[in-house]
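Below: the structure, in structure tokens.
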Protein chains: 2
Amino acid sequence: MARTINERADVVPLIAEVFREFGYEGASLSRITEKTGLGKGSLYHFFPGGKEEMATAVLADVDQWFERFVYEPLRQDDPASAVAGMWAAVDGYFRSGGRVCLVGAFALDGTRDMFSDAIDGYFRRWIEALRDALVRHGRGDKAATMDAEEAVFGIQGALVLARALRDPSLFGRALKRLQLRLGV
Amino acid sequence: MARTINERADVVPLIAEVFREFGYEGASLSRITEKTGLGKGSLYHFFPGGKEEMATAVLADVDQWFERFVYEPLRQDDPASAVAGMWAAVDGYFRSGGRVCLVGAFALDGTRDMFSDAIDGYFRRWIEALRDALVRHGRGDKAATMDAEEAVFGIQGALVLARALRDPSLFGRALKRLQLRLGV
DNA sequence: GTCTATACAGTGATAGAC
DNA sequence: GTCTATCACTGTATAGAC
């Protein structure tokens, strides 16, 4: 039960930061070493598959977070409060636009093909969970799908633009707007 | 006046494709060599500054295209037809969702800082030009800014999602939706 | 479990022949 | 203008001492 200071789970969020900041290709082992304070030997002890396994672990970690704090509530809780919770969770997770979406970033370049299932699943389940909540809230099936898509791609685009313009406040404005659009 | 077969301008779009596909870090010189059919010697003849100069040239090329076919019409032409033209141009340029936005992709990772001005300018001028057209069309200043932002980040997000889900049709749906939202 | 040392491929870049 | 050869360097990954 006693936990060593550095467990695999402890180092994953740090590695995630490096991937978020530099992308998959730009996240060199030396940068990861620097960020985590772990030598290559230790890193390969935790992740025998090397960089690819690190990215897989990071993606699983992100997925787990969203599954727990966003998707599952959307599927189970009262629709209105679950949707409200989603906006709050998203704003918090992406640090009000100061943080980038790792999955979205991976999706854009050649990295996508390496983590196809994880990337696809992340967005697909997000859209489906949100659509479910909207349907339960009384929206028609087709309209709910479109609404859910628009909310999710709106969030992604707002993150891109906020980072491109170095204007995190844009993210907050965008979330407000998207929230109103959803009307729930 | 006689043009050699391979001019700098001829090779820029090919290099752009490599950057779009693999990102800045992933676009190795060997991949660029392969795509263009030019050896490193030739590439460095055209771009003495190496990879960074190639990316700068590519960004300038993209910018020029948007300036000519999107921004300038938005500033000068009849607002309604200019906006309609924008949607058509965007759909064509991004191959109905099959192509990614290079500027958006650069914006997401550590590459951003290398090309700060180009990335910032691309989005800033897009939003401003669109806002101008909306204002001329009768929309209030503040609302026009928000609308313009929403259209631009909506496009970016739709590109991310279309690529993530390998579903180009999502891009077309999204454009339609954004177009209706703009209401012009 | 963590480190250092090292292997080896691939990187961006340069020089010089043609 | 294009190529080949080569450079110094960094990349990921491995081996083995502690």
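Identifiers in this document derive from the order of the structure tokens: chains are assigned A, B, ..., residues are numbered from 1 separately in each chain, and ligands are numbered from 1 in order of occurrence.
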Q: Dump as a list of chain:residue names the residues of chain A that approach chain D to within 12 Å, counting only C-alpha atoms (C1' of nucleotides).
A: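 Output check: A:Glu25, A:Gly26, A:Ala27, A:Ser28, A:Leu29, A:Ser30, A:Arg31, A:Lys40, A:Gly41, A:Leu43, A:Tyr44, A:His45, A:Phe47, A:Pro48, A:Gly49, A:Gly50, A:Lys51, A:Glu52.
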**Q.** Polymer residues at most 9 Å from Glu150 (chain B), only C-alpha atoms (C1' of nucleotides), same-chain spacing of 5 or more positions, as a VMD selection string
**A.** (chain A and resid 154 157 to 158 174 177 to 178) or (chain B and resid 145 155 178 182)
How close does chain B get to chain A? List, as JSON lines, each residue of chain B within 7 Å, its nearest atom pair and the distance in Å to one decimal, counting only C-alpha atoms.
{"residue": "B:Arg20", "atom": "CA", "partner": "A:Asp109", "partner_atom": "CA", "distance": 7.0}
{"residue": "B:Glu21", "atom": "CA", "partner": "A:Asp109", "partner_atom": "CA", "distance": 5.6}
{"residue": "B:Phe22", "atom": "CA", "partner": "A:Gly110", "partner_atom": "CA", "distance": 4.5}
{"residue": "B:Gly23", "atom": "CA", "partner": "A:Asp109", "partner_atom": "CA", "distance": 5.4}
{"residue": "B:Glu25", "atom": "CA", "partner": "A:Glu25", "partner_atom": "CA", "distance": 5.8}
{"residue": "B:Gly26", "atom": "CA", "partner": "A:Glu25", "partner_atom": "CA", "distance": 6.0}
{"residue": "B:Val100", "atom": "CA", "partner": "A:Leu108", "partner_atom": "CA", "distance": 6.9}
{"residue": "B:Gly104", "atom": "CA", "partner": "A:Val160", "partner_atom": "CA", "distance": 6.2}
{"residue": "B:Ala105", "atom": "CA", "partner": "A:Leu108", "partner_atom": "CA", "distance": 6.2}
{"residue": "B:Ala107", "atom": "CA", "partner": "A:Ala164", "partner_atom": "CA", "distance": 5.0}
{"residue": "B:Leu108", "atom": "CA", "partner": "A:Ala105", "partner_atom": "CA", "distance": 6.2}
{"residue": "B:Asp109", "atom": "CA", "partner": "A:Phe22", "partner_atom": "CA", "distance": 4.8}
{"residue": "B:Gly110", "atom": "CA", "partner": "A:Phe22", "partner_atom": "CA", "distance": 4.5}
{"residue": "B:Ile119", "atom": "CA", "partner": "A:Ala164", "partner_atom": "CA", "distance": 6.2}
{"residue": "B:Asp120", "atom": "CA", "partner": "A:Leu165", "partner_atom": "CA", "distance": 5.1}
{"residue": "B:Phe153", "atom": "CA", "partner": "A:Gly157", "partner_atom": "CA", "distance": 4.4}
{"residue": "B:Gly154", "atom": "CA", "partner": "A:Gly154", "partner_atom": "CA", "distance": 5.3}
{"residue": "B:Gln156", "atom": "CA", "partner": "A:Gly157", "partner_atom": "CA", "distance": 4.8}
{"residue": "B:Gly157", "atom": "CA", "partner": "A:Gly157", "partner_atom": "CA", "distance": 3.5}
{"residue": "B:Ala158", "atom": "CA", "partner": "A:Phe153", "partner_atom": "CA", "distance": 5.3}
{"residue": "B:Val160", "atom": "CA", "partner": "A:Gly104", "partner_atom": "CA", "distance": 6.2}
{"residue": "B:Leu161", "atom": "CA", "partner": "A:Phe153", "partner_atom": "CA", "distance": 6.0}
{"residue": "B:Arg163", "atom": "CA", "partner": "A:Ala107", "partner_atom": "CA", "distance": 6.4}
{"residue": "B:Ala164", "atom": "CA", "partner": "A:Ala107", "partner_atom": "CA", "distance": 5.0}
{"residue": "B:Leu165", "atom": "CA", "partner": "A:Asp120", "partner_atom": "CA", "distance": 5.1}
Store the residues of this selection in a file with C-alpha atoms, as an mmCIF file, in the first residue's frame.
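That gives us result_12.cif:
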data_model
loop_
_atom_site.group_PDB
_atom_site.id
_atom_site.type_symbol
_atom_site.label_atom_id
_atom_site.label_comp_id
_atom_site.auth_asym_id
_atom_site.auth_seq_id
_atom_site.Cartn_x
_atom_site.Cartn_y
_atom_site.Cartn_z
ATOM 1 C CA ARG B 20 0.014 20.385 -43.182
ATOM 2 C CA GLU B 21 0.337 16.643 -43.012
ATOM 3 C CA PHE B 22 3.071 16.274 -40.403
ATOM 4 C CA GLY B 23 3.278 19.579 -38.551
ATOM 5 C CA GLU B 25 8.454 19.225 -36.230
ATOM 6 C CA GLY B 26 7.267 16.208 -38.153
ATOM 7 C CA VAL B 100 -6.234 20.880 -42.280
ATOM 8 C CA GLY B 104 -4.191 26.536 -36.799
ATOM 9 C CA ALA B 105 -1.951 23.487 -36.511
ATOM 10 C CA ALA B 107 -0.715 27.646 -33.402
ATOM 11 C CA LEU B 108 -1.312 24.644 -31.176
ATOM 12 C CA ASP B 109 2.191 23.447 -30.393
ATOM 13 C CA GLY B 110 5.538 25.008 -29.523
ATOM 14 C CA ILE B 119 -0.159 33.271 -36.997
ATOM 15 C CA ASP B 120 -1.536 36.207 -35.073
ATOM 16 C CA PHE B 153 -13.195 29.670 -34.473
ATOM 17 C CA GLY B 154 -16.099 27.570 -35.667
ATOM 18 C CA GLN B 156 -11.104 25.946 -37.020
ATOM 19 C CA GLY B 157 -12.916 23.654 -34.645
ATOM 20 C CA ALA B 158 -14.782 21.973 -37.469
ATOM 21 C CA VAL B 160 -10.103 19.703 -35.967
ATOM 22 C CA LEU B 161 -13.165 17.562 -35.432
ATOM 23 C CA ARG B 163 -9.933 15.284 -39.011
ATOM 24 C CA ALA B 164 -10.185 13.694 -35.563
ATOM 25 C CA LEU B 165 -13.257 11.700 -36.523
#
Q. What separation in Å, quoted to one decimal, exists between CA of Leu14 (chain B) and CA of Ile32 (chain B)?
A.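 If I compute the distance from CA of Leu14 (chain B) to CA of Ile32 (chain B), I get 8.0 Å.
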(Q) Measuring between only C-alpha atoms, which one of B:Leu180, B:Leu175, B:Ala60, B:Ala82 shows the shortest distance to Arg136 (chain B)? (A) B:Ala82
Q.
From a backbone DSSP assignment, name each residue in region 29-103 of chain A labelled helix (DSSP H, G or I), as a PyMOL selection string.
A. chain A and resi 29-36+40-46+50-76+79-93+95-97+102-103
Q: Could you list, as a list in words, the residues of chain C having an atom within 9 Å of chain A when counting only C-alpha atoms (C1' of nucleotides)?
A: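 Residues of chain C within 9 Å of chain A, counting only C-alpha atoms (C1' of nucleotides): DG1, DT2 and DC3 of chain C.
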